[in-house]
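S.K.: Next comes the structure file structure10.tsv, holding TSV, C-alpha atoms.
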```
chain	number	residue	atom	x	y	z
A	1	MET	CA	27.47	-13.21	34.88
A	2	SER	CA	24.23	-15.01	35.65
A	3	ASN	CA	21.08	-15.95	33.78
A	4	SER	CA	19.47	-12.72	34.96
A	5	SER	CA	22.32	-10.76	33.40
A	6	GLY	CA	22.27	-12.31	29.94
A	7	LEU	CA	24.12	-15.64	30.18
A	8	ALA	CA	21.57	-18.36	29.45
A	9	PHE	CA	24.02	-21.17	30.12
A	10	ALA	CA	27.71	-22.04	29.91
A	11	HIS	CA	29.24	-25.48	29.32
A	12	LEU	CA	32.81	-26.71	29.42
A	13	LEU	CA	32.79	-29.76	27.12
A	14	ASP	CA	34.59	-32.80	28.51
A	15	GLY	CA	35.26	-34.42	25.14
A	16	GLN	CA	33.09	-37.42	25.99
A	17	GLY	CA	29.64	-35.99	25.22
A	18	GLY	CA	29.15	-34.39	28.62
A	19	SER	CA	30.11	-31.08	30.15
A	20	SER	CA	30.60	-29.10	33.32
A	21	GLU	CA	28.21	-26.21	33.83
A	22	LEU	CA	29.91	-22.92	34.62
A	23	ASN	CA	28.80	-19.57	35.96
A	24	GLU	CA	30.09	-16.04	35.54
A	25	THR	CA	32.76	-16.40	38.21
A	26	ASP	CA	34.36	-19.33	36.36
A	27	LEU	CA	34.80	-17.57	33.03
A	28	PRO	CA	37.94	-15.47	33.80
A	29	ALA	CA	39.84	-18.64	34.82
A	30	TRP	CA	39.07	-20.54	31.63
A	31	GLN	CA	41.99	-21.42	29.36
A	32	ALA	CA	41.90	-23.04	25.92
A	33	ASP	CA	43.58	-26.19	27.21
A	34	HIS	CA	40.73	-26.73	29.71
A	35	GLY	CA	38.42	-27.84	26.92
A	36	VAL	CA	35.90	-26.36	24.51
A	37	LEU	CA	33.82	-23.62	26.16
A	38	TRP	CA	30.27	-22.92	25.02
A	39	LEU	CA	28.58	-19.69	26.10
A	40	HIS	CA	24.98	-18.93	25.16
A	41	PHE	CA	23.77	-15.34	25.64
A	42	ASP	CA	20.61	-13.30	25.43
A	43	TYR	CA	22.23	-10.49	23.46
A	44	THR	CA	19.51	-7.97	24.36
A	45	HIS	CA	20.76	-7.79	27.95
A	46	PRO	CA	23.20	-4.91	28.59
A	47	ASP	CA	25.55	-7.12	30.65
A	48	ALA	CA	25.81	-9.62	27.78
A	49	GLU	CA	26.64	-6.83	25.35
A	50	ARG	CA	29.23	-5.42	27.74
A	51	TRP	CA	30.90	-8.81	28.27
A	52	LEU	CA	31.06	-9.60	24.55
A	53	LEU	CA	32.53	-6.21	23.66
A	54	GLU	CA	34.91	-5.74	26.60
A	55	GLN	CA	35.72	-9.08	28.26
A	56	SER	CA	35.27	-11.88	25.72
A	57	GLY	CA	38.56	-11.26	23.93
A	58	LEU	CA	36.79	-11.61	20.59
A	59	ASP	CA	37.60	-9.32	17.70
A	60	SER	CA	35.27	-6.31	17.66
A	61	VAL	CA	33.92	-7.34	14.25
A	62	ILE	CA	32.92	-10.74	15.64
A	63	ALA	CA	31.49	-9.29	18.86
A	64	ASN	CA	29.39	-6.74	16.99
A	65	ALA	CA	28.15	-9.40	14.58
A	66	LEU	CA	26.98	-11.48	17.55
A	67	LEU	CA	25.00	-8.46	18.76
A	68	GLU	CA	23.30	-7.56	15.47
A	69	ASP	CA	19.53	-7.34	15.81
A	70	GLU	CA	18.47	-8.22	12.26
A	71	THR	CA	20.54	-10.82	10.44
A	72	ARG	CA	20.20	-13.03	7.41
A	73	PRO	CA	21.72	-16.52	7.31
A	74	ARG	CA	25.39	-16.40	6.38
A	75	THR	CA	28.76	-18.09	6.83
A	76	THR	CA	32.07	-16.24	7.12
A	77	SER	CA	35.44	-17.76	7.99
A	78	ILE	CA	37.79	-15.65	10.12
A	79	ASN	CA	41.18	-16.97	11.25
A	80	ASN	CA	40.24	-20.64	11.32
A	81	GLY	CA	36.92	-19.82	12.99
A	82	LEU	CA	33.40	-19.48	11.66
A	83	LEU	CA	30.98	-16.62	12.09
A	84	MET	CA	27.49	-17.82	11.25
A	85	SER	CA	23.90	-16.75	11.47
A	86	LEU	CA	21.16	-19.38	11.28
A	87	ARG	CA	17.38	-19.17	11.24
A	88	GLY	CA	15.13	-21.76	12.83
A	89	ILE	CA	11.44	-22.17	13.58
A	90	ASN	CA	10.18	-20.42	16.68
A	91	HIS	CA	8.73	-23.23	18.81
A	92	ASN	CA	8.01	-20.99	21.79
A	93	GLN	CA	4.46	-20.77	23.09
A	94	HIS	CA	2.12	-18.40	21.21
A	95	ALA	CA	4.66	-18.01	18.38
A	96	HIS	CA	3.54	-17.97	14.74
A	97	CYS	CA	4.67	-20.94	12.67
A	98	ASP	CA	6.43	-18.64	10.19
A	99	ASP	CA	8.23	-16.71	12.94
A	100	MET	CA	11.93	-17.51	12.48
A	101	ILE	CA	14.38	-17.27	15.38
A	102	SER	CA	17.89	-16.10	14.57
A	103	ILE	CA	20.87	-17.62	16.37
A	104	ARG	CA	24.31	-16.06	15.86
A	105	VAL	CA	27.37	-18.27	16.23
A	106	TRP	CA	31.08	-17.77	16.62
A	107	ILE	CA	32.90	-21.09	16.73
A	108	ASP	CA	36.55	-22.09	16.65
A	109	PRO	CA	38.40	-25.11	18.03
A	110	HIS	CA	38.42	-23.70	21.58
A	111	ILE	CA	35.37	-21.51	22.20
A	112	ILE	CA	31.79	-21.38	20.99
A	113	VAL	CA	29.68	-18.27	21.54
A	114	THR	CA	26.01	-18.23	20.52
A	115	THR	CA	23.56	-15.39	20.98
A	116	ARG	CA	19.80	-15.05	20.56
A	117	ARG	CA	16.92	-12.78	21.47
A	118	GLU	CA	14.25	-15.43	22.07
A	119	MET	CA	14.86	-18.92	23.38
A	120	SER	CA	16.14	-21.19	20.63
A	121	SER	CA	14.89	-24.78	20.71
A	122	SER	CA	18.12	-25.94	19.05
A	123	ALA	CA	20.29	-24.38	21.75
A	124	ALA	CA	17.96	-25.71	24.46
A	125	GLU	CA	18.22	-29.23	23.01
A	126	LEU	CA	22.03	-29.02	22.93
A	127	ASP	CA	22.01	-27.91	26.56
A	128	LYS	CA	19.84	-30.92	27.41
A	129	LEU	CA	22.06	-33.37	25.51
A	130	LEU	CA	25.20	-32.11	27.23
A	131	ASN	CA	23.55	-32.42	30.64
A	132	GLN	CA	22.65	-36.02	29.75
A	133	GLY	CA	26.20	-36.80	28.66
A	134	ILE	CA	25.27	-37.53	25.01
A	135	GLY	CA	26.09	-34.16	23.50
A	136	PRO	CA	28.82	-33.06	21.07
A	137	LYS	CA	32.43	-33.82	21.96
A	138	ASP	CA	34.15	-30.95	20.16
A	139	SER	CA	33.51	-27.83	18.10
A	140	ALA	CA	32.93	-29.73	14.85
A	141	GLU	CA	30.32	-32.04	16.38
A	142	PHE	CA	28.69	-29.04	18.07
A	143	LEU	CA	28.39	-27.17	14.77
A	144	ILE	CA	26.96	-30.18	12.94
A	145	LYS	CA	24.48	-30.92	15.73
A	146	LEU	CA	23.36	-27.27	15.90
A	147	ILE	CA	22.75	-27.15	12.15
A	148	ASP	CA	21.00	-30.52	12.19
A	149	LEU	CA	18.66	-29.50	15.04
A	150	THR	CA	17.90	-26.18	13.34
A	151	VAL	CA	17.00	-27.79	10.01
A	152	ASP	CA	15.20	-30.76	11.54
A	153	GLY	CA	13.01	-28.39	13.55
A	154	MET	CA	11.46	-27.15	10.31
A	155	SER	CA	9.98	-30.50	9.27
A	156	ASP	CA	6.74	-30.33	11.29
A	157	THR	CA	5.98	-26.78	10.18
A	158	ILE	CA	6.54	-27.52	6.51
A	159	ALA	CA	4.49	-30.73	6.81
A	160	SER	CA	1.66	-28.68	8.34
A	161	PHE	CA	1.81	-26.30	5.36
A	162	GLU	CA	1.47	-29.27	3.00
A	163	ASP	CA	-1.51	-30.59	4.98
A	164	MET	CA	-3.15	-27.15	4.94
A	165	ILE	CA	-2.87	-26.72	1.17
A	166	ALA	CA	-4.20	-30.27	0.65
A	167	ASP	CA	-7.22	-29.39	2.84
A	168	TYR	CA	-7.78	-26.19	0.84
A	169	GLU	CA	-7.65	-28.12	-2.44
A	170	ASP	CA	-10.28	-30.53	-1.10
A	171	ALA	CA	-12.41	-27.60	0.10
A	172	VAL	CA	-12.40	-26.01	-3.36
A	173	LEU	CA	-13.45	-29.28	-4.98
A	174	ALA	CA	-16.21	-29.74	-2.38
A	175	GLY	CA	-17.40	-26.15	-2.77
A	176	ASN	CA	-16.65	-25.20	0.85
A	177	THR	CA	-15.16	-21.82	0.03
A	178	GLU	CA	-16.10	-19.83	3.12
A	179	ASN	CA	-13.06	-17.83	4.35
A	180	LEU	CA	-10.92	-19.76	1.89
A	181	HIS	CA	-9.56	-16.63	0.20
A	182	ASP	CA	-8.19	-15.30	3.50
A	183	ASN	CA	-6.81	-18.68	4.56
A	184	ILE	CA	-4.93	-19.20	1.31
A	185	ALA	CA	-3.56	-15.65	1.39
A	186	GLN	CA	-2.32	-16.18	4.94
A	187	LEU	CA	-0.67	-19.48	3.98
A	188	ARG	CA	1.10	-17.84	1.06
A	189	ARG	CA	2.40	-15.06	3.31
A	190	GLN	CA	3.75	-17.64	5.78
A	191	VAL	CA	5.45	-19.66	3.05
A	192	ILE	CA	7.01	-16.55	1.49
A	193	SER	CA	8.24	-15.40	4.90
A	194	MET	CA	9.93	-18.75	5.57
A	195	HIS	CA	11.39	-18.97	2.07
A	196	ARG	CA	12.92	-15.52	2.55
A	197	TYR	CA	15.29	-16.94	5.17
A	198	LEU	CA	15.67	-20.56	4.07
A	199	ALA	CA	17.07	-19.69	0.64
A	200	PRO	CA	20.09	-17.77	2.05
A	201	GLU	CA	20.48	-20.45	4.75
A	202	ARG	CA	20.87	-23.02	1.97
A	203	ASP	CA	23.60	-20.84	0.46
A	204	ALA	CA	25.27	-20.44	3.86
A	205	LEU	CA	25.46	-24.22	4.34
A	206	ALA	CA	26.75	-24.69	0.81
A	207	ARG	CA	29.51	-22.19	1.50
A	208	LEU	CA	30.30	-23.90	4.81
A	209	THR	CA	31.23	-27.12	3.02
A	210	LEU	CA	33.73	-25.16	0.89
A	211	GLU	CA	35.42	-23.15	3.66
A	212	LYS	CA	38.98	-24.24	4.47
A	213	ILE	CA	38.59	-24.86	8.21
A	214	SER	CA	41.24	-27.14	9.71
A	215	TRP	CA	39.02	-28.60	12.44
A	216	LEU	CA	36.33	-29.72	9.98
A	217	SER	CA	37.15	-33.15	8.54
A	218	ASP	CA	35.97	-34.51	5.21
A	219	TYR	CA	33.42	-36.63	7.08
A	220	ASP	CA	32.15	-33.50	8.85
A	221	ARG	CA	31.68	-31.81	5.48
A	222	ILE	CA	29.76	-34.82	4.18
A	223	GLN	CA	27.41	-34.60	7.17
A	224	ILE	CA	26.88	-30.89	6.58
A	225	HIS	CA	26.22	-31.61	2.91
A	226	GLU	CA	23.54	-34.17	3.86
A	227	ILE	CA	21.88	-31.64	6.16
A	228	SER	CA	22.05	-29.09	3.35
A	229	ASP	CA	20.30	-31.56	1.03
A	230	THR	CA	17.52	-31.91	3.61
A	231	LEU	CA	17.16	-28.14	3.74
A	232	ILE	CA	17.02	-28.00	-0.06
A	233	ARG	CA	14.21	-30.58	0.01
A	234	TYR	CA	12.30	-28.45	2.52
A	235	ILE	CA	12.74	-25.39	0.29
A	236	GLU	CA	11.46	-27.37	-2.69
A	237	ASN	CA	8.44	-28.43	-0.60
A	238	LEU	CA	7.80	-24.79	0.26
A	239	ASP	CA	8.00	-23.88	-3.43
A	240	ALA	CA	5.52	-26.65	-4.22
A	241	VAL	CA	3.13	-25.40	-1.51
A	242	ARG	CA	3.38	-21.86	-2.86
A	243	GLU	CA	2.66	-23.01	-6.43
A	244	ARG	CA	-0.24	-25.16	-5.26
A	245	ALA	CA	-1.62	-22.19	-3.33
A	246	VAL	CA	-1.52	-20.10	-6.52
A	247	LEU	CA	-3.38	-22.84	-8.42
A	248	VAL	CA	-5.98	-23.14	-5.64
A	249	GLN	CA	-6.50	-19.39	-5.68
A	250	GLU	CA	-6.92	-19.42	-9.45
A	251	GLU	CA	-9.41	-22.30	-9.20
A	252	LEU	CA	-11.25	-20.47	-6.45
A	253	HIS	CA	-11.43	-17.30	-8.56
A	254	SER	CA	-12.64	-19.37	-11.51
A	255	LYS	CA	-15.39	-21.02	-9.46
A	256	THR	CA	-16.43	-17.67	-8.02
A	257	ALA	CA	-16.60	-16.18	-11.51
A	258	GLU	CA	-18.65	-19.16	-12.73
A	259	GLN	CA	-21.09	-18.78	-9.84
A	260	LEU	CA	-21.41	-15.05	-10.51
A	261	ASN	CA	-21.96	-15.63	-14.23
A	262	ALA	CA	-24.61	-18.27	-13.51
A	263	ARG	CA	-26.48	-15.90	-11.22
A	264	MET	CA	-26.25	-13.05	-13.71
A	265	TYR	CA	-27.51	-15.39	-16.44
A	266	VAL	CA	-30.55	-16.33	-14.36
A	267	LEU	CA	-31.27	-12.67	-13.73
A	268	SER	CA	-30.89	-11.94	-17.44
A	269	VAL	CA	-33.39	-14.68	-18.33
A	270	ILE	CA	-35.85	-13.35	-15.76
A	271	ALA	CA	-35.38	-9.84	-17.11
A	272	ALA	CA	-35.95	-11.10	-20.69
A	273	VAL	CA	-39.21	-12.76	-19.60
A	274	PHE	CA	-40.56	-9.75	-17.76
A	275	LEU	CA	-39.40	-7.09	-20.24
A	276	PRO	CA	-42.34	-7.52	-22.69
A	277	LEU	CA	-44.73	-8.01	-19.77
A	278	SER	CA	-43.52	-4.76	-18.21
A	279	PHE	CA	-43.91	-3.02	-21.53
A	280	VAL	CA	-47.55	-4.14	-21.85
A	281	THR	CA	-48.47	-3.27	-18.27
A	282	GLY	CA	-46.71	0.08	-18.60
A	283	LEU	CA	-48.53	0.83	-21.80
A	284	LEU	CA	-51.90	-0.06	-20.29
A	285	GLY	CA	-51.14	2.00	-17.23
A	286	ILE	CA	-50.75	5.37	-18.92
A	287	ASN	CA	-53.32	7.86	-17.72
A	288	VAL	CA	-54.90	8.89	-21.04
A	289	GLY	CA	-58.27	8.29	-22.65
A	290	GLY	CA	-58.96	5.44	-25.04
A	291	ILE	CA	-57.22	2.66	-23.01
A	292	PRO	CA	-58.77	-0.67	-24.25
A	293	GLY	CA	-60.94	-2.38	-21.68
A	294	ALA	CA	-61.09	0.62	-19.36
A	295	ASN	CA	-64.83	0.10	-18.91
A	296	ASP	CA	-64.83	-3.71	-19.21
A	297	SER	CA	-65.16	-5.58	-15.89
A	298	HIS	CA	-63.34	-8.64	-17.34
A	299	ALA	CA	-60.45	-6.72	-18.88
A	300	PHE	CA	-58.06	-7.22	-15.92
A	301	THR	CA	-58.56	-11.01	-15.99
A	302	ASP	CA	-58.02	-11.03	-19.75
A	303	VAL	CA	-54.77	-9.08	-19.37
A	304	ILE	CA	-53.48	-11.48	-16.68
A	305	ILE	CA	-54.26	-14.48	-18.88
A	306	MET	CA	-52.58	-12.83	-21.84
A	307	LEU	CA	-49.46	-11.98	-19.86
A	308	THR	CA	-49.28	-15.50	-18.44
A	309	VAL	CA	-49.52	-16.98	-21.92
A	310	VAL	CA	-46.78	-14.64	-23.18
A	311	ALA	CA	-44.54	-15.59	-20.23
A	312	LEU	CA	-45.07	-19.30	-20.86
A	313	ILE	CA	-44.33	-18.89	-24.56
A	314	LEU	CA	-41.10	-17.05	-23.74
A	315	LEU	CA	-40.07	-19.70	-21.21
A	316	ILE	CA	-40.75	-22.49	-23.73
A	317	LEU	CA	-38.79	-20.59	-26.37
A	318	PHE	CA	-35.80	-20.05	-24.06
A	319	ARG	CA	-35.89	-23.69	-23.02
A	320	TRP	CA	-36.07	-24.84	-26.63
A	321	LYS	CA	-33.01	-22.71	-27.42
A	322	LYS	CA	-31.31	-24.17	-24.30
A	323	TRP	CA	-30.76	-20.77	-22.77
A	324	PHE	CA	-31.36	-22.26	-19.33
```
For the structure just supplied, provide its representation as structure tokens.

M.R.:
Amino acid sequence: MSNSSGLAFAHLLDGQGGSSELNETDLPAWQADHGVLWLHFDYTHPDAERWLLEQSGLDSVIANALLEDETRPRTTSINNGLLMSLRGINHNQHAHCDDMISIRVWIDPHIIVTTRREMSSSAAELDKLLNQGIGPKDSAEFLIKLIDLTVDGMSDTIASFEDMIADYEDAVLAGNTENLHDNIAQLRRQVISMHRYLAPERDALARLTLEKISWLSDYDRIQIHEISDTLIRYIENLDAVRERAVLVQEELHSKTAEQLNARMYVLSVIAAVFLPLSFVTGLLGINVGGIPGANDSHAFTDVIIMLTVVALILLILFRWKKWF
């Protein structure tokens, strides 16, 4: 099997942090005593699906789980092995910051099989470390490093969310509210989307520390627990961003309502000033006989002066009552 047929890369760990890269022709000759084998597949390729189901030697339940299209983070122990699904940030070009990549993992003391649809930065980093000779030495170190890279890859995205909500808070205080409604709504959608996967991932890591797996030492469990604490902190940061976004939206709605009320108040004052003036002009404009001043050449000027005086009196009255 080659890269073009679904195998992204294959490593035979040497137990010293390095590995030997294998290809499809080497896989049938591999034996458990040769060392830990790591195979990373693009599960959408038909050849990868065929190999996992027919040639991998994995239980059909495990093989089908590695080929599932939509998965939520989980941890299941099967015969001293672990079947896991993890979600990490999609760092590929043109990807959205809330787009989460799923990586499926089967790991036991002898073989590690991971599958993905899009390139996973965590898997790519592990491939790089092994090529440099500073990668994991066994299955336990591989699992811990994979989880650590997956969780650590979230830090920049969550920090950017915190910076964005801080900018939006400053914008509300400064009165720069253009497009702010849409921006806050988009941020809330992104945070909710990430939280949807990180919460079950926290539970999956918590369960991992409790599983009775012989090749995980107490020190390994402590490391996983520390990574889980980091993930919990990220989730708490997401919750804080979501709550701050709600408060910013409420403040924005409040300021919008205040602006609308102020404008309506001004219009009401103007209407109150012109209401008696309109009444007088309407009354004088009726087309019937006996209108005062109809034959007086100075009547129009007198009416204007009268209306101006009435308007000034009303304005002084409103100002005295502190209506504006």

S.K.: Skip stretch 229-244 of chain A itself and residues of its chain fewer than 2 positions away, then list as a VMD selection string all residues within 8 Å of it, counting all atoms listed in the file.

M.R.: chain A and resid 151 154 to 155 158 161 to 162 165 188 191 to 192 195 198 to 199 202 225 to 227 246 to 248

S.K.: So that I can check the surroundings of A:Leu277, please list as a list in words every protein, DNA and RNA residue that reaches within 12 Å of it, counting only C-alpha atoms and ignoring chain neighbours fewer than 2 positions away.

M.R.: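 Contacts, with the query itself left out: Ile270, Ala271, Ala272, Val273, Phe274, Leu275, Phe279, Val280, Thr281, Gly282, Leu283, Leu284, Val303, Ile304, Ile305, Met306, Leu307, Thr308, Val309, Val310, Ala311, Leu312, Ile313 and Leu314 of chain A.
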
S.K.: Just how far from atom CA of A:Arg50 is atom CA of A:Ser120, in Å to one decimal?

M.R.: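 Separation of atom CA of A:Ser120 and atom CA of A:Arg50: 21.7 Å.
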
S.K.: Smallest atom-to-atom distance to A:Phe41: which of A:Thr76, A:Thr114, A:Thr71, A:Thr25, using all atoms listed in the file?

M.R.: A:Thr114

S.K.: Which polymer residues have any atom within 9 Å of an atom of A:Arg104, counting all atoms listed in the file, with same-chain residues fewer than 5 positions away left out, as a list of chain:residue names?

M.R.: A:Ala65, A:Leu66, A:Leu67, A:Glu68, A:Thr71, A:Pro73, A:Leu83, A:Met84, A:Ser85, A:Leu86, A:Arg87, A:Val113, A:Thr114, A:Thr115, A:Arg116

S.K.: Separation of atom CA of A:Asn79 and atom CA of A:Asp108, in Å?

M.R.: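 Value for the atom CA of A:Asn79-atom CA of A:Asp108 distance: 8.8 Å.
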
S.K.: Looking at only C-alpha atoms, which of A:Gln259, A:Ser60, A:Gln16, A:Thr44 is the one that sits closest to A:Pro136?

M.R.: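 Closest residue, counting only C-alpha atoms: A:Gln16.
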
S.K.: To one decimal in Å, tell me the separation between atom CA of A:Glu178 and atom CA of A:Glu258.

M.R.: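 These atoms are spaced 16.1 Å apart.
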
S.K.: Quick one: of A:Ile107, A:Ala204, A:Leu180, A:Leu130, who's nearest to A:Glu251, counting only C-alpha atoms?

M.R.: A:Leu180

S.K.: Please, can stretch 164-188 of chain A be completed to N, CA and C atoms and returned as a compact mmCIF listing (two decimals), in the coordinates of the input?

M.R.:
```
# COMPACT_ATOMS: atom_id res chain seq x y z
N MET A 164 -2.20 -28.25 5.09
CA MET A 164 -3.15 -27.15 4.94
C MET A 164 -3.53 -26.95 3.48
N ILE A 165 -2.53 -26.95 2.58
CA ILE A 165 -2.87 -26.72 1.17
C ILE A 165 -3.66 -27.89 0.61
N ALA A 166 -3.40 -29.11 1.09
CA ALA A 166 -4.20 -30.27 0.65
C ALA A 166 -5.66 -30.11 1.11
N ASP A 167 -5.86 -29.63 2.34
CA ASP A 167 -7.22 -29.39 2.84
C ASP A 167 -7.92 -28.31 2.01
N TYR A 168 -7.18 -27.27 1.64
CA TYR A 168 -7.78 -26.19 0.84
C TYR A 168 -8.16 -26.68 -0.55
N GLU A 169 -7.32 -27.54 -1.13
CA GLU A 169 -7.65 -28.12 -2.44
C GLU A 169 -8.94 -28.94 -2.35
N ASP A 170 -9.06 -29.73 -1.29
CA ASP A 170 -10.28 -30.53 -1.10
C ASP A 170 -11.49 -29.63 -0.90
N ALA A 171 -11.30 -28.53 -0.17
CA ALA A 171 -12.41 -27.60 0.10
C ALA A 171 -12.92 -26.96 -1.18
N VAL A 172 -11.99 -26.61 -2.08
CA VAL A 172 -12.40 -26.01 -3.36
C VAL A 172 -13.20 -27.01 -4.18
N LEU A 173 -12.74 -28.25 -4.22
CA LEU A 173 -13.45 -29.28 -4.98
C LEU A 173 -14.83 -29.56 -4.39
N ALA A 174 -14.93 -29.47 -3.04
CA ALA A 174 -16.21 -29.74 -2.38
C ALA A 174 -17.12 -28.51 -2.35
N GLY A 175 -16.60 -27.37 -2.76
CA GLY A 175 -17.40 -26.15 -2.77
C GLY A 175 -17.48 -25.45 -1.44
N ASN A 176 -16.65 -25.86 -0.46
CA ASN A 176 -16.65 -25.20 0.85
C ASN A 176 -15.66 -24.05 0.82
N THR A 177 -16.08 -22.92 0.29
CA THR A 177 -15.16 -21.82 0.03
C THR A 177 -15.25 -20.69 1.05
N GLU A 178 -15.98 -20.89 2.13
CA GLU A 178 -16.10 -19.83 3.12
C GLU A 178 -14.75 -19.56 3.78
N ASN A 179 -14.34 -18.29 3.77
CA ASN A 179 -13.06 -17.83 4.35
C ASN A 179 -11.84 -18.43 3.67
N LEU A 180 -12.04 -19.09 2.54
CA LEU A 180 -10.92 -19.76 1.89
C LEU A 180 -9.93 -18.77 1.28
N HIS A 181 -10.44 -17.66 0.76
CA HIS A 181 -9.56 -16.63 0.20
C HIS A 181 -8.56 -16.15 1.25
N ASP A 182 -9.06 -15.81 2.44
CA ASP A 182 -8.19 -15.30 3.50
C ASP A 182 -7.21 -16.37 3.98
N ASN A 183 -7.68 -17.60 4.08
CA ASN A 183 -6.81 -18.68 4.56
C ASN A 183 -5.66 -18.95 3.59
N ILE A 184 -5.98 -18.95 2.30
CA ILE A 184 -4.93 -19.20 1.31
C ILE A 184 -3.94 -18.03 1.28
N ALA A 185 -4.45 -16.82 1.38
CA ALA A 185 -3.56 -15.65 1.39
C ALA A 185 -2.63 -15.69 2.59
N GLN A 186 -3.15 -16.08 3.75
CA GLN A 186 -2.32 -16.18 4.94
C GLN A 186 -1.25 -17.26 4.78
N LEU A 187 -1.63 -18.40 4.20
CA LEU A 187 -0.67 -19.48 3.98
C LEU A 187 0.44 -19.02 3.04
N ARG A 188 0.09 -18.32 2.00
CA ARG A 188 1.10 -17.84 1.06
C ARG A 188 2.06 -16.86 1.73
```
